[in-house]
Amino acid sequence: MLKKKLFTIFAPIITAFILVIALFVLPIRTNQVSPVIWEKASTAMSGNILSGNMIKNQAIASGEYVPFFGSSELSRFSPFHPSVLATKYHRDYRPFLLGAPGTQSLNQFAVAQSVKSEITDKKAVFIISPQWFIEKGVSDLEFNAYFSELQLYDWLLSIHKTDEATRFYAQRLLQFSRINQNPRMNAILTEIKNGKTIDQLSASQITALKNNYRILQREDQLFSQIGMFTKNHKVSKFEKQLPEKYDFNQLDALASQIGEKRTNNNRFLIDNQFYQTRLQIGLRDLKDSQATWSYCKSPEFADFQLVLNQFAKSHTDVLFIIPPVNKRWSDYTGLSQAMLQNFASKIKYQLTSQGFNHVVDFSKEDTVPYFMADTIHLGWRGWLKADEYIAPFLLEKHPQPNYQLNNPRFFSKNWQDEVSEVYQ
């Protein structure tokens, strides 16, 4: 009788446990994600989409979506945001936004590597934020916030030969707490840093990697849609404010009109709400607070080289956009515009000297009214101006890019620290 009661109590628990294990371990194919989900995910910018593989990879593989790599500027929706313009004017592409506030080159490399097959011989847009390039590079907190274990395993299991980029990435990863506080991962990445490939790791290490990767893939398949807060309602709202036919001059006038209305409570032409909630209270303390800042010496330049390395491997044709910094604001905080021009020259040299020739430099548009939405993010006229480059780039055919990587130099500490008026 006692055995029967115990069986009645524990049998459902044991059965459930077995089913859960089977769900994660057995190679059961889950359903294909529908185009409706792709559309919702394309504007969500949520962590599970960014760090997962299934939804974004399927959407980009479809050919309907173009990856737009960036950070917080992608979250500033307005009638002139790329997603709104593409929808309103029935473009043959839709942006898939790959970024969030705090994402920088290391995170973007992981994402680019995770969609390497999907972006091979295709196009992408990449917005380079000058403020990524601070003295110490991406912080431990920001890196950890968007770190994807799934994408790390994906990368590790692809290493069948080692090169400078592989060793550099392993070395960089070991500097962050999510990695160096994990004994198993610390040991594996130390071996990769020292030149080993996945095939040269121990049998137990390889088995653990493959098992964990399979479990993480299943988690991605099962849970990637949870917490996906699409911004498509904003796209629908803002496209109604645009004229039916695309006319740049008419749209530019509308952008100026909206910008003027949205920035009328401060002298910096910064979005009213941003100014009130983020700047107004501590405004006095911010006077000349950035006078010693520099974006010209940073490990971010080497991290950015990882991204370029991946684009070159995938033969991805990329349009790079360099935004300005609001000059009214930089004059107040003391941030040097000469330094910003130096930064633009350095990053352009890193790009063009390696064959990345589609570069739009807006760094001198710093005084154009309503070009910026706030201190550092493209605004109404800025996004519209960017669209003059984005749309032709994505809609027209170009010759296959011819990249010539200079990894030894651009991964070096000398390049990270180099400050010059002329780069060569």
# chains A, B, ... in the order shown; residues from 1 in each chain; ligands from 1
>>> residues_around(residues="Leu351 of chain A", least_positions_apart="3", cutoff="10 Å", atoms="only C-alpha atoms", output="list in words")
Phe304, Gln305, Leu308, Phe320, Ser345, Lys346, Ile347, Lys348, Gln354, Gly355, Phe356, Asn357, His358, Val359, Tyr403 and Leu405 of chain A
>>> write_last_selection(atoms="N, CA, C and O atoms", output="compact mmCIF listing (two decimals), in the first residue's frame")
# COMPACT_ATOMS: atom_id res chain seq x y z
N PHE A 304 36.48 46.65 -32.59
CA PHE A 304 35.81 46.96 -33.85
C PHE A 304 36.43 46.17 -35.01
O PHE A 304 35.73 45.77 -35.95
N GLN A 305 37.74 45.94 -34.93
CA GLN A 305 38.41 45.16 -35.97
C GLN A 305 37.86 43.73 -36.04
O GLN A 305 37.80 43.14 -37.11
N LEU A 308 34.92 43.94 -38.31
CA LEU A 308 35.34 44.04 -39.71
C LEU A 308 35.86 42.69 -40.21
O LEU A 308 35.62 42.31 -41.37
N PHE A 320 28.67 52.02 -43.45
CA PHE A 320 28.98 52.51 -42.11
C PHE A 320 28.58 53.97 -41.99
O PHE A 320 28.85 54.77 -42.90
N SER A 345 38.55 60.65 -38.45
CA SER A 345 39.64 60.35 -39.38
C SER A 345 40.24 58.99 -39.09
O SER A 345 40.55 58.21 -40.00
N LYS A 346 40.41 58.68 -37.81
CA LYS A 346 41.03 57.41 -37.43
C LYS A 346 40.15 56.22 -37.81
O LYS A 346 40.63 55.24 -38.40
N ILE A 347 38.86 56.30 -37.50
CA ILE A 347 37.98 55.17 -37.78
C ILE A 347 37.76 55.02 -39.28
O ILE A 347 37.66 53.90 -39.81
N LYS A 348 37.74 56.14 -40.02
CA LYS A 348 37.60 56.06 -41.48
C LYS A 348 38.84 55.42 -42.10
O LYS A 348 38.72 54.65 -43.05
N GLN A 354 41.18 49.09 -45.51
CA GLN A 354 40.96 47.65 -45.62
C GLN A 354 39.87 47.31 -46.63
O GLN A 354 39.44 46.16 -46.73
N GLY A 355 39.43 48.32 -47.38
CA GLY A 355 38.46 48.07 -48.44
C GLY A 355 37.01 48.28 -48.07
O GLY A 355 36.11 48.02 -48.87
N PHE A 356 36.75 48.76 -46.85
CA PHE A 356 35.37 49.09 -46.45
C PHE A 356 35.10 50.53 -46.88
O PHE A 356 35.33 51.48 -46.12
N ASN A 357 34.64 50.68 -48.10
CA ASN A 357 34.61 52.00 -48.73
C ASN A 357 33.27 52.72 -48.65
O ASN A 357 33.17 53.89 -49.05
N HIS A 358 32.23 52.04 -48.16
CA HIS A 358 30.93 52.70 -48.03
C HIS A 358 30.84 53.31 -46.63
O HIS A 358 30.35 52.69 -45.68
N VAL A 359 31.32 54.54 -46.51
CA VAL A 359 31.38 55.22 -45.21
C VAL A 359 30.71 56.58 -45.34
O VAL A 359 31.07 57.38 -46.21
N TYR A 403 38.06 43.16 -49.73
CA TYR A 403 38.64 43.52 -48.44
C TYR A 403 40.07 43.00 -48.32
O TYR A 403 40.37 41.89 -48.74
N LEU A 405 42.42 42.73 -45.15
CA LEU A 405 42.52 42.97 -43.71
C LEU A 405 43.97 43.20 -43.28
O LEU A 405 44.89 42.58 -43.80
>>> residues_around(residues="segment 383-398 of chain A", least_positions_apart="3", cutoff="7 Å", atoms="only C-alpha atoms", output="PDB file with all heavy atoms, in the first residue's frame")
ATOM      1  N   PHE A  80      11.060  59.459 -39.038  1.00  0.00           N
ATOM      2  CA  PHE A  80      12.170  59.368 -39.984  1.00  0.00           C
ATOM      3  C   PHE A  80      13.128  58.226 -39.655  1.00  0.00           C
ATOM      4  O   PHE A  80      14.185  58.112 -40.265  1.00  0.00           O
ATOM      5  CB  PHE A  80      12.895  60.719 -40.027  1.00  0.00           C
ATOM      6  CG  PHE A  80      11.938  61.855 -40.243  1.00  0.00           C
ATOM      7  CD1 PHE A  80      11.436  62.583 -39.165  1.00  0.00           C
ATOM      8  CD2 PHE A  80      11.476  62.151 -41.515  1.00  0.00           C
ATOM      9  CE1 PHE A  80      10.509  63.592 -39.353  1.00  0.00           C
ATOM     10  CE2 PHE A  80      10.541  63.167 -41.717  1.00  0.00           C
ATOM     11  CZ  PHE A  80      10.060  63.883 -40.638  1.00  0.00           C
ATOM     12  N   HIS A  81      12.740  57.407 -38.710  1.00  0.00           N
ATOM     13  CA  HIS A  81      13.517  56.212 -38.364  1.00  0.00           C
ATOM     14  C   HIS A  81      13.544  55.280 -39.581  1.00  0.00           C
ATOM     15  O   HIS A  81      12.562  55.193 -40.334  1.00  0.00           O
ATOM     16  CB  HIS A  81      12.867  55.518 -37.167  1.00  0.00           C
ATOM     17  CG  HIS A  81      13.644  54.389 -36.598  1.00  0.00           C
ATOM     18  ND1 HIS A  81      13.677  53.135 -37.179  1.00  0.00           N
ATOM     19  CD2 HIS A  81      14.421  54.293 -35.481  1.00  0.00           C
ATOM     20  CE1 HIS A  81      14.433  52.327 -36.453  1.00  0.00           C
ATOM     21  NE2 HIS A  81      14.902  53.003 -35.419  1.00  0.00           N
ATOM     22  N   PRO A  82      14.648  54.554 -39.810  1.00  0.00           N
ATOM     23  CA  PRO A  82      14.733  53.670 -40.988  1.00  0.00           C
ATOM     24  C   PRO A  82      13.590  52.670 -41.098  1.00  0.00           C
ATOM     25  O   PRO A  82      13.125  52.376 -42.206  1.00  0.00           O
ATOM     26  CB  PRO A  82      16.072  52.952 -40.788  1.00  0.00           C
ATOM     27  CG  PRO A  82      16.883  53.871 -39.957  1.00  0.00           C
ATOM     28  CD  PRO A  82      15.923  54.582 -39.052  1.00  0.00           C
ATOM     29  N   LYS A 123      24.048  42.463 -47.708  1.00  0.00           N
ATOM     30  CA  LYS A 123      24.352  43.818 -47.261  1.00  0.00           C
ATOM     31  C   LYS A 123      23.937  44.020 -45.810  1.00  0.00           C
ATOM     32  O   LYS A 123      23.100  43.293 -45.267  1.00  0.00           O
ATOM     33  CB  LYS A 123      23.638  44.844 -48.144  1.00  0.00           C
ATOM     34  CG  LYS A 123      24.132  44.859 -49.585  1.00  0.00           C
ATOM     35  CD  LYS A 123      23.393  45.901 -50.402  1.00  0.00           C
ATOM     36  CE  LYS A 123      23.900  45.908 -51.851  1.00  0.00           C
ATOM     37  NZ  LYS A 123      23.196  46.908 -52.677  1.00  0.00           N
ATOM     38  N   LEU A 378      21.136  60.421 -33.520  1.00  0.00           N
ATOM     39  CA  LEU A 378      20.529  60.978 -34.718  1.00  0.00           C
ATOM     40  C   LEU A 378      19.059  61.301 -34.465  1.00  0.00           C
ATOM     41  O   LEU A 378      18.343  60.526 -33.824  1.00  0.00           O
ATOM     42  CB  LEU A 378      20.645  59.989 -35.881  1.00  0.00           C
ATOM     43  CG  LEU A 378      22.038  59.807 -36.483  1.00  0.00           C
ATOM     44  CD1 LEU A 378      22.019  58.657 -37.487  1.00  0.00           C
ATOM     45  CD2 LEU A 378      22.529  61.079 -37.150  1.00  0.00           C
ATOM     46  N   GLY A 379      18.642  62.438 -35.002  1.00  0.00           N
ATOM     47  CA  GLY A 379      17.263  62.883 -34.811  1.00  0.00           C
ATOM     48  C   GLY A 379      16.506  62.940 -36.117  1.00  0.00           C
ATOM     49  O   GLY A 379      16.784  62.207 -37.063  1.00  0.00           O
ATOM     50  N   TRP A 380      15.572  63.863 -36.194  1.00  0.00           N
ATOM     51  CA  TRP A 380      14.617  63.935 -37.290  1.00  0.00           C
ATOM     52  C   TRP A 380      15.314  64.150 -38.634  1.00  0.00           C
ATOM     53  O   TRP A 380      15.181  63.348 -39.547  1.00  0.00           O
ATOM     54  CB  TRP A 380      13.616  65.047 -36.979  1.00  0.00           C
ATOM     55  CG  TRP A 380      13.025  64.868 -35.614  1.00  0.00           C
ATOM     56  CD1 TRP A 380      11.935  64.115 -35.293  1.00  0.00           C
ATOM     57  CD2 TRP A 380      13.527  65.412 -34.388  1.00  0.00           C
ATOM     58  NE1 TRP A 380      11.727  64.152 -33.935  1.00  0.00           N
ATOM     59  CE2 TRP A 380      12.671  64.943 -33.348  1.00  0.00           C
ATOM     60  CE3 TRP A 380      14.595  66.253 -34.051  1.00  0.00           C
ATOM     61  CZ2 TRP A 380      12.865  65.284 -32.015  1.00  0.00           C
ATOM     62  CZ3 TRP A 380      14.797  66.593 -32.729  1.00  0.00           C
ATOM     63  CH2 TRP A 380      13.941  66.117 -31.723  1.00  0.00           C
TER      64      TRP A 380
END
>>> closest_residue(among="A:Leu85, A:Ile206, A:Met45, A:Ile192", to="Leu251 of chain A", atoms="only C-alpha atoms")
A:Leu85
>>> select_by_dssp(residues="segment 234-351 of chain A", states="alpha helix (DSSP H)", output="PyMOL selection string")
chain A and resi 234-239+248-262+272-274+283-286+300-313+327-333+337-351
>>> atom_distance(atom1="atom CA of Val138 of chain A", atom2="atom CA of Gln58 of chain A")
28.9 Å
>>> residues_around(residues="Met339 of chain A", least_positions_apart="3", cutoff="9 Å", atoms="only C-alpha atoms", output="ChimeraX atom specification")
/A:293-296,335-336,342-344
>>> decode(residues="segment 208-242 of chain A", atoms="N, CA, C and O atoms", output="CSV table (one decimal), in the first residue's frame")
chain,number,residue,atom,x,y,z
A,208,ALA,N,31.2,18.6,-23.3
A,208,ALA,CA,30.5,19.6,-22.5
A,208,ALA,C,30.0,20.8,-23.3
A,208,ALA,O,28.9,21.3,-23.2
A,209,LEU,N,30.9,21.3,-24.3
A,209,LEU,CA,30.5,22.4,-25.1
A,209,LEU,C,29.3,22.0,-26.0
A,209,LEU,O,28.3,22.7,-26.1
A,210,LYS,N,29.4,20.8,-26.6
A,210,LYS,CA,28.3,20.4,-27.5
A,210,LYS,C,27.0,20.2,-26.8
A,210,LYS,O,25.9,20.5,-27.3
A,211,ASN,N,27.1,19.6,-25.6
A,211,ASN,CA,25.8,19.3,-24.8
A,211,ASN,C,25.2,20.7,-24.4
A,211,ASN,O,24.0,20.8,-24.5
A,212,ASN,N,26.0,21.6,-23.8
A,212,ASN,CA,25.5,22.9,-23.4
A,212,ASN,C,25.0,23.6,-24.6
A,212,ASN,O,23.9,24.3,-24.5
A,213,TYR,N,25.6,23.6,-25.7
A,213,TYR,CA,25.2,24.3,-26.9
A,213,TYR,C,23.8,23.8,-27.3
A,213,TYR,O,22.9,24.5,-27.7
A,214,ARG,N,23.6,22.4,-27.3
A,214,ARG,CA,22.3,21.8,-27.7
A,214,ARG,C,21.2,22.3,-26.7
A,214,ARG,O,20.1,22.6,-27.2
A,215,ILE,N,21.5,22.4,-25.5
A,215,ILE,CA,20.5,22.8,-24.5
A,215,ILE,C,20.2,24.3,-24.7
A,215,ILE,O,19.0,24.7,-24.7
A,216,LEU,N,21.2,25.1,-25.0
A,216,LEU,CA,20.9,26.6,-25.2
A,216,LEU,C,20.2,26.8,-26.5
A,216,LEU,O,19.3,27.7,-26.6
A,217,GLN,N,20.4,26.0,-27.5
A,217,GLN,CA,19.7,26.1,-28.8
A,217,GLN,C,18.2,25.8,-28.5
A,217,GLN,O,17.3,26.5,-29.0
A,218,ARG,N,18.0,24.7,-27.7
A,218,ARG,CA,16.6,24.4,-27.4
A,218,ARG,C,15.9,25.5,-26.6
A,218,ARG,O,14.7,25.8,-26.8
A,219,GLU,N,16.6,26.1,-25.6
A,219,GLU,CA,16.1,27.2,-24.9
A,219,GLU,C,15.7,28.4,-25.8
A,219,GLU,O,14.6,29.0,-25.7
A,220,ASP,N,16.6,28.6,-26.8
A,220,ASP,CA,16.3,29.7,-27.8
A,220,ASP,C,15.0,29.4,-28.6
A,220,ASP,O,14.2,30.2,-28.8
A,221,GLN,N,14.9,28.1,-29.0
A,221,GLN,CA,13.7,27.7,-29.8
A,221,GLN,C,12.5,27.8,-29.0
A,221,GLN,O,11.4,28.2,-29.5
A,222,LEU,N,12.5,27.5,-27.7
A,222,LEU,CA,11.3,27.5,-26.9
A,222,LEU,C,10.9,28.8,-26.3
A,222,LEU,O,9.7,29.1,-26.2
A,223,PHE,N,11.9,29.6,-26.0
A,223,PHE,CA,11.6,30.8,-25.2
A,223,PHE,C,12.0,32.2,-25.8
A,223,PHE,O,11.8,33.2,-25.2
A,224,SER,N,12.5,32.2,-27.0
A,224,SER,CA,12.9,33.4,-27.6
A,224,SER,C,11.9,34.5,-27.8
A,224,SER,O,12.2,35.6,-27.9
A,225,GLN,N,10.6,34.0,-27.9
A,225,GLN,CA,9.5,35.0,-28.1
A,225,GLN,C,9.0,35.6,-26.8
A,225,GLN,O,8.3,36.6,-26.8
A,226,ILE,N,9.5,35.1,-25.7
A,226,ILE,CA,9.0,35.6,-24.4
A,226,ILE,C,9.7,37.0,-24.1
A,226,ILE,O,10.9,37.1,-24.3
A,227,GLY,N,8.9,38.0,-23.8
A,227,GLY,CA,9.4,39.3,-23.5
A,227,GLY,C,9.9,40.1,-24.7
A,227,GLY,O,10.6,41.0,-24.6
A,228,MET,N,9.3,39.7,-25.9
A,228,MET,CA,9.7,40.4,-27.1
A,228,MET,C,8.7,41.5,-27.3
A,228,MET,O,7.6,41.4,-27.8
A,229,PHE,N,9.1,42.7,-26.9
A,229,PHE,CA,8.2,43.9,-26.9
A,229,PHE,C,8.4,44.7,-28.2
A,229,PHE,O,9.3,45.5,-28.3
A,230,THR,N,7.7,44.3,-29.2
A,230,THR,CA,7.9,44.9,-30.5
A,230,THR,C,7.5,46.4,-30.5
A,230,THR,O,6.7,46.9,-29.7
A,231,LYS,N,8.2,47.1,-31.4
A,231,LYS,CA,7.9,48.6,-31.5
A,231,LYS,C,7.1,48.9,-32.7
A,231,LYS,O,7.1,50.0,-33.2
A,232,ASN,N,6.5,47.9,-33.3
A,232,ASN,CA,5.7,48.1,-34.5
A,232,ASN,C,4.6,49.0,-34.4
A,232,ASN,O,4.2,49.7,-35.4
A,233,HIS,N,4.1,49.1,-33.2
A,233,HIS,CA,3.0,50.1,-33.0
A,233,HIS,C,3.5,51.5,-33.2
A,233,HIS,O,2.8,52.4,-33.6
A,234,LYS,N,4.8,51.8,-32.9
A,234,LYS,CA,5.4,53.1,-33.1
A,234,LYS,C,5.6,53.3,-34.6
A,234,LYS,O,5.4,54.4,-35.1
A,235,VAL,N,6.0,52.2,-35.3
A,235,VAL,CA,6.1,52.4,-36.7
A,235,VAL,C,4.8,52.8,-37.4
A,235,VAL,O,4.7,53.7,-38.2
A,236,SER,N,3.7,52.1,-37.0
A,236,SER,CA,2.4,52.4,-37.5
A,236,SER,C,2.0,53.8,-37.1
A,236,SER,O,1.4,54.5,-38.0
A,237,LYS,N,2.3,54.2,-35.9
A,237,LYS,CA,1.9,55.6,-35.5
A,237,LYS,C,2.6,56.6,-36.3
A,237,LYS,O,2.0,57.6,-36.8
A,238,PHE,N,3.9,56.5,-36.5
A,238,PHE,CA,4.8,57.5,-37.1
A,238,PHE,C,4.6,57.6,-38.6
A,238,PHE,O,4.7,58.6,-39.2
A,239,GLU,N,4.3,56.4,-39.2
A,239,GLU,CA,4.2,56.5,-40.7
A,239,GLU,C,3.0,57.3,-41.1
A,239,GLU,O,3.0,57.8,-42.2
A,240,LYS,N,2.0,57.4,-40.2
A,240,LYS,CA,0.8,58.2,-40.6
A,240,LYS,C,1.1,59.6,-40.6
A,240,LYS,O,0.3,60.4,-41.2
A,241,GLN,N,2.2,60.1,-40.1
A,241,GLN,CA,2.6,61.5,-40.1
A,241,GLN,C,3.3,61.9,-41.3
A,241,GLN,O,3.6,63.1,-41.6
A,242,LEU,N,3.6,60.9,-42.2
A,242,LEU,CA,4.4,61.2,-43.4
A,242,LEU,C,3.5,61.4,-44.6
A,242,LEU,O,2.5,60.7,-44.7
